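*Asks:* Quick one: this structure, given as C-alpha coordinates, is what I'll be asking you about.
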Amino acid sequence: MRLGILGPAQGDLPALARAAQRLLDEAHADKVLYISDDDALDQVVAGWARGLVGADPSEASLFARASRCAEAGSEAIDAFVVSESARLRLRVLASLPPGQRTIEILDGRVVLFVFDKATLDEEDILPASVLVVGKSPTPFIRKAGARTFLAPGPIGSQDGGAALLDDGGGGMRIEVMNLRGAVTAREVVGAPHQSAKMRVQGG
(Lines give C-alpha, C1' and ligand atoms only; values in the text may rest on other atoms or scores of the structure.)
Protein backbone atom coordinates (compact mmCIF):
# COMPACT_ATOMS: atom_id res chain seq x y z
CA MET A 1 0.00 0.00 0.00
CA ARG A 2 1.16 3.51 -0.77
CA LEU A 3 -0.31 5.94 1.74
CA GLY A 4 0.07 9.66 1.11
CA ILE A 5 0.07 12.15 3.98
CA LEU A 6 -0.66 15.87 3.81
CA GLY A 7 0.33 18.36 6.49
CA PRO A 8 -1.79 21.34 7.58
CA ALA A 9 -2.66 23.72 4.75
CA GLN A 10 -2.75 26.82 6.99
CA GLY A 11 -5.31 28.35 4.64
CA ASP A 12 -3.40 27.76 1.40
CA LEU A 13 -5.95 25.67 -0.50
CA PRO A 14 -4.23 25.93 -3.92
CA ALA A 15 -0.98 24.59 -2.45
CA LEU A 16 -2.88 21.80 -0.70
CA ALA A 17 -4.56 20.89 -3.99
CA ARG A 18 -1.19 20.75 -5.77
CA ALA A 19 0.31 18.56 -3.06
CA ALA A 20 -2.66 16.18 -3.15
CA GLN A 21 -2.46 16.00 -6.95
CA ARG A 22 1.24 15.11 -6.78
CA LEU A 23 0.60 12.31 -4.31
CA LEU A 24 -2.08 10.86 -6.56
CA ASP A 25 -0.52 11.35 -9.99
CA GLU A 26 3.23 11.15 -9.33
CA ALA A 27 3.59 9.16 -6.10
CA HIS A 28 0.67 6.89 -7.09
CA ALA A 29 -0.78 6.91 -3.58
CA ASP A 30 -3.60 4.43 -3.00
CA LYS A 31 -4.98 6.66 -0.25
CA VAL A 32 -4.21 10.19 0.96
CA LEU A 33 -4.79 11.32 4.54
CA TYR A 34 -4.86 14.98 5.59
CA ILE A 35 -3.50 15.42 9.13
CA SER A 36 -4.92 18.68 10.42
CA ASP A 37 -7.72 20.13 12.53
CA ASP A 38 -9.57 21.91 9.71
CA ASP A 39 -11.68 21.03 6.67
CA ALA A 40 -9.29 22.36 4.03
CA LEU A 41 -9.00 19.07 2.14
CA ASP A 42 -12.78 18.63 2.21
CA GLN A 43 -13.07 22.04 0.53
CA VAL A 44 -10.53 21.05 -2.12
CA VAL A 45 -12.27 17.75 -2.82
CA ALA A 46 -15.69 19.42 -3.01
CA GLY A 47 -14.33 21.92 -5.54
CA TRP A 48 -12.83 19.16 -7.67
CA ALA A 49 -16.09 17.19 -7.54
CA ARG A 50 -18.13 20.20 -8.67
CA GLY A 51 -15.70 20.73 -11.52
CA LEU A 52 -16.22 17.13 -12.62
CA VAL A 53 -19.99 16.66 -12.39
CA GLY A 54 -21.62 20.01 -11.68
CA ALA A 55 -22.94 22.11 -8.84
CA ASP A 56 -24.28 19.20 -6.77
CA PRO A 57 -21.78 16.32 -6.78
CA SER A 58 -23.51 14.38 -3.99
CA GLU A 59 -24.51 10.74 -4.22
CA ALA A 60 -28.12 11.83 -3.72
CA SER A 61 -28.00 13.67 -7.04
CA LEU A 62 -26.43 10.80 -8.98
CA PHE A 63 -29.78 9.66 -10.41
CA ALA A 64 -30.59 13.19 -11.57
CA ARG A 65 -27.22 13.44 -13.30
CA ALA A 66 -27.69 10.03 -14.92
CA SER A 67 -31.21 10.85 -16.09
CA ARG A 68 -29.88 13.76 -18.11
CA CYS A 69 -27.98 11.20 -20.19
CA ALA A 70 -31.00 8.95 -20.79
CA GLU A 71 -31.70 10.38 -24.22
CA ALA A 72 -28.18 11.59 -24.95
CA GLY A 73 -25.81 10.22 -27.52
CA SER A 74 -23.00 7.79 -26.83
CA GLU A 75 -20.42 10.57 -26.44
CA ALA A 76 -22.43 12.22 -23.66
CA ILE A 77 -22.89 8.88 -21.93
CA ASP A 78 -19.17 8.15 -22.18
CA ALA A 79 -18.40 11.59 -20.73
CA PHE A 80 -20.82 10.93 -17.86
CA VAL A 81 -19.13 7.63 -17.04
CA VAL A 82 -15.67 9.20 -17.13
CA SER A 83 -16.64 12.14 -14.92
CA GLU A 84 -18.44 9.96 -12.37
CA SER A 85 -15.49 7.56 -12.25
CA ALA A 86 -13.18 10.50 -11.57
CA ARG A 87 -15.54 11.72 -8.84
CA LEU A 88 -15.50 8.32 -7.17
CA ARG A 89 -11.71 8.31 -7.25
CA LEU A 90 -11.78 11.34 -4.96
CA ARG A 91 -12.85 9.00 -2.17
CA VAL A 92 -9.19 8.07 -1.67
CA LEU A 93 -8.71 11.57 -0.23
CA ALA A 94 -9.65 11.63 3.46
CA SER A 95 -9.25 13.97 6.40
CA LEU A 96 -8.43 13.06 9.97
CA PRO A 97 -11.60 13.74 12.01
CA PRO A 98 -11.05 16.79 14.26
CA GLY A 99 -9.87 15.82 17.71
CA GLN A 100 -9.60 12.16 16.79
CA ARG A 101 -6.97 9.67 15.67
CA THR A 102 -6.89 6.88 13.16
CA ILE A 103 -4.84 3.74 12.59
CA GLU A 104 -3.55 2.03 9.47
CA ILE A 105 -1.64 -1.25 9.22
CA LEU A 106 1.35 -1.22 6.87
CA ASP A 107 3.91 -4.00 6.62
CA GLY A 108 2.17 -5.60 9.61
CA ARG A 109 2.93 -2.54 11.75
CA VAL A 110 0.52 -0.17 13.46
CA VAL A 111 0.73 3.39 12.14
CA LEU A 112 -1.06 5.89 14.37
CA PHE A 113 -2.16 9.27 12.96
CA VAL A 114 -3.05 12.23 15.15
CA PHE A 115 -2.97 15.99 14.72
CA ASP A 116 -1.68 16.89 18.19
CA LYS A 117 0.58 14.37 19.92
CA ALA A 118 -0.18 16.06 23.26
CA THR A 119 -3.67 14.51 23.20
CA LEU A 120 -2.19 11.01 23.46
CA ASP A 121 -1.09 9.16 26.56
CA GLU A 122 1.45 6.37 26.87
CA GLU A 123 -1.15 3.65 26.37
CA ASP A 124 -2.28 5.25 23.10
CA ILE A 125 1.26 5.31 21.75
CA LEU A 126 2.34 1.87 22.99
CA PRO A 127 0.98 -0.28 20.10
CA ALA A 128 2.28 2.05 17.38
CA SER A 129 5.45 1.37 15.42
CA VAL A 130 5.06 4.67 13.56
CA LEU A 131 3.40 7.79 14.96
CA VAL A 132 2.41 10.47 12.45
CA VAL A 133 1.62 13.94 13.82
CA GLY A 134 0.24 16.95 12.00
CA LYS A 135 0.96 19.69 14.53
CA SER A 136 4.60 20.57 13.93
CA PRO A 137 6.19 23.73 12.53
CA THR A 138 8.72 21.67 10.58
CA PRO A 139 8.86 18.24 8.94
CA PHE A 140 10.85 15.48 10.59
CA ILE A 141 11.51 11.74 10.81
CA ARG A 142 12.85 10.68 14.21
CA LYS A 143 13.66 7.32 15.73
CA ALA A 144 13.07 6.65 19.43
CA GLY A 145 13.94 3.07 20.22
CA ALA A 146 11.77 0.80 18.10
CA ARG A 147 9.33 3.61 17.30
CA THR A 148 9.47 6.12 14.44
CA PHE A 149 7.93 9.60 14.66
CA LEU A 150 6.94 11.42 11.49
CA ALA A 151 5.62 14.91 10.80
CA PRO A 152 5.10 15.99 7.18
CA GLY A 153 5.23 19.65 8.20
CA PRO A 154 2.89 22.37 6.97
CA ILE A 155 1.97 22.59 3.31
CA GLY A 156 4.38 24.94 1.57
CA SER A 157 7.21 24.49 4.07
CA GLN A 158 10.62 24.47 2.43
CA ASP A 159 11.46 20.85 3.23
CA GLY A 160 8.07 19.22 3.60
CA GLY A 161 4.32 19.44 3.51
CA ALA A 162 3.68 15.89 2.32
CA ALA A 163 4.90 12.38 2.97
CA LEU A 164 4.50 8.88 1.59
CA LEU A 165 4.45 5.54 3.41
CA ASP A 166 5.09 2.55 1.15
CA ASP A 167 5.21 -1.05 2.34
CA GLY A 168 5.49 -2.60 -1.10
CA GLY A 169 9.20 -3.38 -1.15
CA GLY A 170 9.94 -5.09 2.16
CA GLY A 171 9.74 -3.02 5.30
CA MET A 172 8.09 0.38 5.24
CA ARG A 173 9.64 3.24 3.29
CA ILE A 174 8.92 6.72 4.63
CA GLU A 175 9.56 9.76 2.45
CA VAL A 176 9.01 13.44 3.22
CA MET A 177 8.46 15.68 0.20
CA ASN A 178 8.22 19.39 -0.43
CA LEU A 179 5.67 21.15 -2.64
CA ARG A 180 7.78 20.51 -5.76
CA GLY A 181 7.67 16.79 -5.07
CA ALA A 182 11.35 16.54 -4.15
CA VAL A 183 12.16 13.99 -1.44
CA THR A 184 13.88 15.79 1.45
CA ALA A 185 14.13 12.94 3.97
CA ARG A 186 13.79 9.19 3.83
CA GLU A 187 13.76 6.30 6.29
CA VAL A 188 13.15 2.57 5.93
CA VAL A 189 11.47 0.94 8.92
CA GLY A 190 11.83 -2.79 9.39
CA ALA A 191 13.90 -3.44 6.28
CA PRO A 192 14.94 -7.06 5.79
CA HIS A 193 18.54 -6.40 6.81
CA GLN A 194 18.81 -3.02 8.48
CA SER A 195 17.11 0.33 8.79
CA ALA A 196 18.53 2.96 6.49
CA LYS A 197 18.10 6.69 6.83
CA MET A 198 19.05 9.34 4.33
CA ARG A 199 18.84 13.09 4.28
CA VAL A 200 18.43 14.42 0.76
CA GLN A 201 20.05 17.77 0.13
CA GLY A 202 19.11 20.31 -2.46
CA GLY A 203 15.46 19.18 -2.79
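The way I read the labels, and the way they are meant: chains A, B, ... in the order of the C-alpha coordinates, residue 1 as the first residue of every chain, and ligand 1 as the first ligand shown, with later ones counted on from there.
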Contacts of A:Pro127 at 12 Å or less, counting only C-alpha atoms, minus same-chain residues fewer than 2 places along, as a list in words?
*Replies:* Ile103, Glu104, Ile105, Gly108, Arg109, Val110, Val111, Leu112, Asp121, Glu122, Glu123, Asp124, Ile125, Ser129, Val130, Leu131, Ala146 and Arg147 of chain A
*Asks:* Run DSSP on the backbone of this structure and report the residues of stretch 12-188 of chain A it assigns to strand (DSSP E or B), as number ranges by chain.
*Replies:* A: 31-34, 93-95, 101-106, 109-114, 130-133, 140-144, 147-151, 162-166, 172-177, 183-188
*Asks:* Just N, CA and C atoms for this one: save the residues we selected as a tab-separated table (two decimals), in the first residue's frame.
*Replies:*
chain	number	residue	atom	x	y	z
A	31	LYS	N	-4.13	5.90	-1.16
A	31	LYS	CA	-4.98	6.66	-0.25
A	31	LYS	C	-4.18	7.86	0.22
A	32	VAL	N	-4.87	8.97	0.47
A	32	VAL	CA	-4.21	10.19	0.96
A	32	VAL	C	-4.96	10.66	2.20
A	33	LEU	N	-4.20	10.90	3.28
A	33	LEU	CA	-4.79	11.32	4.54
A	33	LEU	C	-4.27	12.70	4.92
A	34	TYR	N	-5.19	13.60	5.20
A	34	TYR	CA	-4.86	14.98	5.59
A	34	TYR	C	-4.85	15.05	7.11
A	93	LEU	N	-9.17	10.41	-0.98
A	93	LEU	CA	-8.71	11.57	-0.23
A	93	LEU	C	-9.55	11.71	1.04
A	94	ALA	N	-8.92	11.61	2.19
A	94	ALA	CA	-9.65	11.63	3.46
A	94	ALA	C	-8.97	12.56	4.44
A	95	SER	N	-9.76	13.08	5.36
A	95	SER	CA	-9.25	13.97	6.40
A	95	SER	C	-9.35	13.29	7.76
A	101	ARG	N	-8.15	10.33	16.22
A	101	ARG	CA	-6.97	9.67	15.67
A	101	ARG	C	-7.44	8.53	14.79
A	102	THR	N	-6.55	8.03	13.98
A	102	THR	CA	-6.89	6.88	13.16
A	102	THR	C	-5.67	5.98	13.04
A	103	ILE	N	-5.90	4.74	12.67
A	103	ILE	CA	-4.84	3.74	12.59
A	103	ILE	C	-4.87	3.08	11.22
A	104	GLU	N	-3.71	2.84	10.67
A	104	GLU	CA	-3.55	2.03	9.47
A	104	GLU	C	-2.52	0.94	9.78
A	105	ILE	N	-2.61	-0.17	9.09
A	105	ILE	CA	-1.64	-1.25	9.22
A	105	ILE	C	-0.84	-1.33	7.93
A	106	LEU	N	0.46	-1.10	8.02
A	106	LEU	CA	1.35	-1.22	6.87
A	106	LEU	C	2.52	-2.12	7.25
A	109	ARG	N	2.64	-3.45	10.65
A	109	ARG	CA	2.93	-2.54	11.75
A	109	ARG	C	1.79	-1.54	11.92
A	110	VAL	N	1.56	-1.15	13.16
A	110	VAL	CA	0.52	-0.17	13.46
A	110	VAL	C	1.08	1.24	13.22
A	111	VAL	N	0.39	1.99	12.38
A	111	VAL	CA	0.73	3.39	12.14
A	111	VAL	C	-0.40	4.23	12.72
A	112	LEU	N	-0.07	5.07	13.68
A	112	LEU	CA	-1.06	5.89	14.37
A	112	LEU	C	-0.96	7.33	13.87
A	113	PHE	N	-2.10	7.90	13.48
A	113	PHE	CA	-2.16	9.27	12.96
A	113	PHE	C	-2.94	10.14	13.94
A	114	VAL	N	-2.38	11.29	14.26
A	114	VAL	CA	-3.05	12.23	15.15
A	114	VAL	C	-2.56	13.63	14.82
A	130	VAL	N	4.84	3.36	14.18
A	130	VAL	CA	5.06	4.67	13.56
A	130	VAL	C	3.96	5.60	14.06
A	131	LEU	N	4.35	6.78	14.51
A	131	LEU	CA	3.40	7.79	14.96
A	131	LEU	C	3.53	9.00	14.05
A	132	VAL	N	2.43	9.35	13.39
A	132	VAL	CA	2.41	10.47	12.45
A	132	VAL	C	1.63	11.61	13.08
A	133	VAL	N	2.26	12.78	13.19
A	133	VAL	CA	1.62	13.94	13.82
A	133	VAL	C	1.52	15.07	12.81
A	140	PHE	N	9.76	16.27	10.01
A	140	PHE	CA	10.85	15.48	10.59
A	140	PHE	C	10.53	13.99	10.53
A	141	ILE	N	11.59	13.18	10.55
A	141	ILE	CA	11.51	11.74	10.81
A	141	ILE	C	12.49	11.48	11.94
A	142	ARG	N	12.00	10.93	13.05
A	142	ARG	CA	12.85	10.68	14.21
A	142	ARG	C	12.64	9.27	14.72
A	143	LYS	N	13.72	8.64	15.11
A	143	LYS	CA	13.66	7.32	15.73
A	143	LYS	C	13.79	7.47	17.24
A	144	ALA	N	12.97	6.71	17.97
A	144	ALA	CA	13.07	6.65	19.43
A	144	ALA	C	12.90	5.19	19.82
A	147	ARG	N	10.43	2.82	17.84
A	147	ARG	CA	9.33	3.61	17.30
A	147	ARG	C	9.86	4.74	16.41
A	148	THR	N	9.11	5.04	15.36
A	148	THR	CA	9.47	6.12	14.44
A	148	THR	C	8.40	7.20	14.51
A	149	PHE	N	8.84	8.45	14.63
A	149	PHE	CA	7.93	9.60	14.66
A	149	PHE	C	8.09	10.37	13.35
A	150	LEU	N	6.95	10.73	12.78
A	150	LEU	CA	6.94	11.42	11.49
A	150	LEU	C	6.01	12.62	11.54
A	151	ALA	N	6.48	13.75	11.03
A	151	ALA	CA	5.62	14.91	10.80
A	151	ALA	C	5.89	15.40	9.38
A	162	ALA	N	4.30	17.16	2.70
A	162	ALA	CA	3.68	15.89	2.32
A	162	ALA	C	4.64	14.76	2.63
A	163	ALA	N	4.08	13.56	2.72
A	163	ALA	CA	4.90	12.38	2.97
A	163	ALA	C	4.23	11.18	2.32
A	164	LEU	N	5.01	10.12	2.18
A	164	LEU	CA	4.50	8.88	1.59
A	164	LEU	C	5.01	7.70	2.40
A	165	LEU	N	4.10	6.81	2.78
A	165	LEU	CA	4.45	5.54	3.41
A	165	LEU	C	4.20	4.44	2.39
A	166	ASP	N	5.19	3.59	2.17
A	166	ASP	CA	5.09	2.55	1.15
A	166	ASP	C	5.63	1.25	1.72
A	172	MET	N	8.93	-0.78	5.54
A	172	MET	CA	8.09	0.38	5.24
A	172	MET	C	8.98	1.57	4.90
A	173	ARG	N	8.86	2.07	3.69
A	173	ARG	CA	9.64	3.24	3.29
A	173	ARG	C	8.85	4.50	3.62
A	174	ILE	N	9.52	5.44	4.28
A	174	ILE	CA	8.92	6.72	4.63
A	174	ILE	C	9.67	7.81	3.88
A	175	GLU	N	8.95	8.64	3.16
A	175	GLU	CA	9.56	9.76	2.45
A	175	GLU	C	8.82	11.05	2.78
A	176	VAL	N	9.57	12.10	3.05
A	176	VAL	CA	9.01	13.44	3.22
A	176	VAL	C	9.31	14.22	1.95
A	177	MET	N	8.31	14.95	1.45
A	177	MET	CA	8.46	15.68	0.20
A	177	MET	C	8.03	17.13	0.36
A	183	VAL	N	12.02	14.71	-2.71
A	183	VAL	CA	12.16	13.99	-1.44
A	183	VAL	C	13.26	14.66	-0.62
A	184	THR	N	12.93	15.09	0.59
A	184	THR	CA	13.88	15.79	1.45
A	184	THR	C	14.38	14.94	2.60
A	185	ALA	N	13.68	13.86	2.92
A	185	ALA	CA	14.13	12.94	3.97
A	185	ALA	C	13.52	11.58	3.70
A	186	ARG	N	14.26	10.56	4.09
A	186	ARG	CA	13.79	9.19	3.83
A	186	ARG	C	14.25	8.27	4.95
A	187	GLU	N	13.41	7.32	5.30
A	187	GLU	CA	13.76	6.30	6.29
A	187	GLU	C	13.09	5.00	5.89
A	188	VAL	N	13.75	3.88	6.14
A	188	VAL	CA	13.15	2.57	5.93
A	188	VAL	C	13.00	1.90	7.29
*Asks:* For atom CA of A:Pro14 and atom CA of A:Ala40, determine how far apart the two atoms are, in Å to one decimal place.
*Replies:*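 Computed distance, atom CA of A:Pro14 to atom CA of A:Ala40, equals 10.1 Å.
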*Asks:* Rounded to one decimal, what separation in Å do you get between atom CA of A:Thr138 and atom CA of A:Pro154?
*Replies:*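 Distance between the two atoms: 6.9 Å.
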*Asks:* Provide the atom CA of A:Gly4 to atom CA of A:Gly145 distance in Å, to one decimal place.
*Replies:*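 Answer for the atom CA of A:Gly4 to atom CA of A:Gly145 separation: 24.5 Å.
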*Asks:* Excluding A:Ile35 and residues on its chain fewer than 2 positions from it, collect all residues at most 6 Å away from it, counting only C-alpha atoms, and give them as a list in words.
*Replies:* Gly7, Leu96, Phe115 and Gly134 of chain A
*Asks:* Could you give me, as a count of residues only, each residue of stretch 27-201 of chain A that DSSP assigns to alpha helix (DSSP H) when run on this structure's backbone?
*Replies:* 40
*Asks:* May I have the residues within 12 Å of stretch 84-87 of chain A as a PyMOL selection string, using only C-alpha atoms and disregarding those fewer than 6 positions away in the same chain?
*Replies:* chain A and resi 45-54+56-59+61-63+65-66+77-78+93
*Asks:* Once you have the residues from the selection above, write them out as a short mmCIF file (atom, residue, chain, number, x, y, z; two decimals), in the first residue's frame, restricted to N, CA and C atoms.
*Replies:*
data_model
loop_
_atom_site.label_atom_id
_atom_site.label_comp_id
_atom_site.auth_asym_id
_atom_site.auth_seq_id
_atom_site.Cartn_x
_atom_site.Cartn_y
_atom_site.Cartn_z
N VAL A 45 -11.59 18.88 -2.18
CA VAL A 45 -12.27 17.75 -2.82
C VAL A 45 -13.64 18.16 -3.34
N ALA A 46 -14.37 18.96 -2.57
CA ALA A 46 -15.69 19.42 -3.01
C ALA A 46 -15.57 20.26 -4.28
N GLY A 47 -14.55 21.11 -4.34
CA GLY A 47 -14.33 21.92 -5.54
C GLY A 47 -14.00 21.07 -6.75
N TRP A 48 -13.15 20.07 -6.56
CA TRP A 48 -12.83 19.16 -7.67
C TRP A 48 -14.08 18.42 -8.14
N ALA A 49 -14.89 17.95 -7.19
CA ALA A 49 -16.09 17.19 -7.54
C ALA A 49 -17.07 18.05 -8.34
N ARG A 50 -17.24 19.30 -7.92
CA ARG A 50 -18.13 20.20 -8.67
C ARG A 50 -17.61 20.44 -10.08
N GLY A 51 -16.29 20.54 -10.20
CA GLY A 51 -15.70 20.73 -11.52
C GLY A 51 -15.91 19.52 -12.43
N LEU A 52 -16.04 18.36 -11.83
CA LEU A 52 -16.22 17.13 -12.62
C LEU A 52 -17.66 16.89 -13.04
N VAL A 53 -18.61 17.09 -12.10
CA VAL A 53 -19.99 16.66 -12.39
C VAL A 53 -21.03 17.75 -12.21
N GLY A 54 -20.64 18.94 -11.80
CA GLY A 54 -21.62 20.01 -11.68
C GLY A 54 -21.80 20.50 -10.26
N ASP A 56 -23.94 20.11 -7.87
CA ASP A 56 -24.28 19.20 -6.77
C ASP A 56 -23.66 17.83 -7.04
N PRO A 57 -22.46 17.58 -6.50
CA PRO A 57 -21.78 16.32 -6.78
C PRO A 57 -22.13 15.19 -5.81
N SER A 58 -23.18 15.37 -5.01
CA SER A 58 -23.51 14.38 -3.99
C SER A 58 -24.03 13.09 -4.60
N GLU A 59 -23.95 12.02 -3.80
CA GLU A 59 -24.51 10.74 -4.22
C GLU A 59 -26.01 10.84 -4.43
N SER A 61 -27.67 13.09 -5.74
CA SER A 61 -28.00 13.67 -7.04
C SER A 61 -27.51 12.82 -8.21
N LEU A 62 -26.96 11.65 -7.91
CA LEU A 62 -26.43 10.80 -8.98
C LEU A 62 -27.51 10.42 -9.99
N PHE A 63 -28.70 10.06 -9.50
CA PHE A 63 -29.78 9.66 -10.41
C PHE A 63 -30.17 10.81 -11.33
N ARG A 65 -28.27 13.25 -12.30
CA ARG A 65 -27.22 13.44 -13.30
C ARG A 65 -27.30 12.36 -14.38
N ALA A 66 -27.59 11.13 -13.95
CA ALA A 66 -27.69 10.03 -14.92
C ALA A 66 -28.89 10.20 -15.83
N ILE A 77 -22.87 9.97 -22.92
CA ILE A 77 -22.89 8.88 -21.93
C ILE A 77 -21.47 8.52 -21.52
N ASP A 78 -20.57 8.45 -22.49
CA ASP A 78 -19.17 8.15 -22.18
C ASP A 78 -18.58 9.23 -21.27
N LEU A 93 -9.17 10.41 -0.98
CA LEU A 93 -8.71 11.57 -0.23
C LEU A 93 -9.55 11.71 1.04
#
*Asks:* Hey, which of A:Leu179, A:Leu6, A:Met1, A:Val92 ends up closest to A:Arg18? Count only C-alpha atoms.
*Replies:* A:Leu179
*Asks:* I need the residue nearest A:Ala15 from this list: A:Ala60, A:Ala29, A:Val44, A:Leu90. Use only C-alpha atoms for the distance.
*Replies:* A:Val44
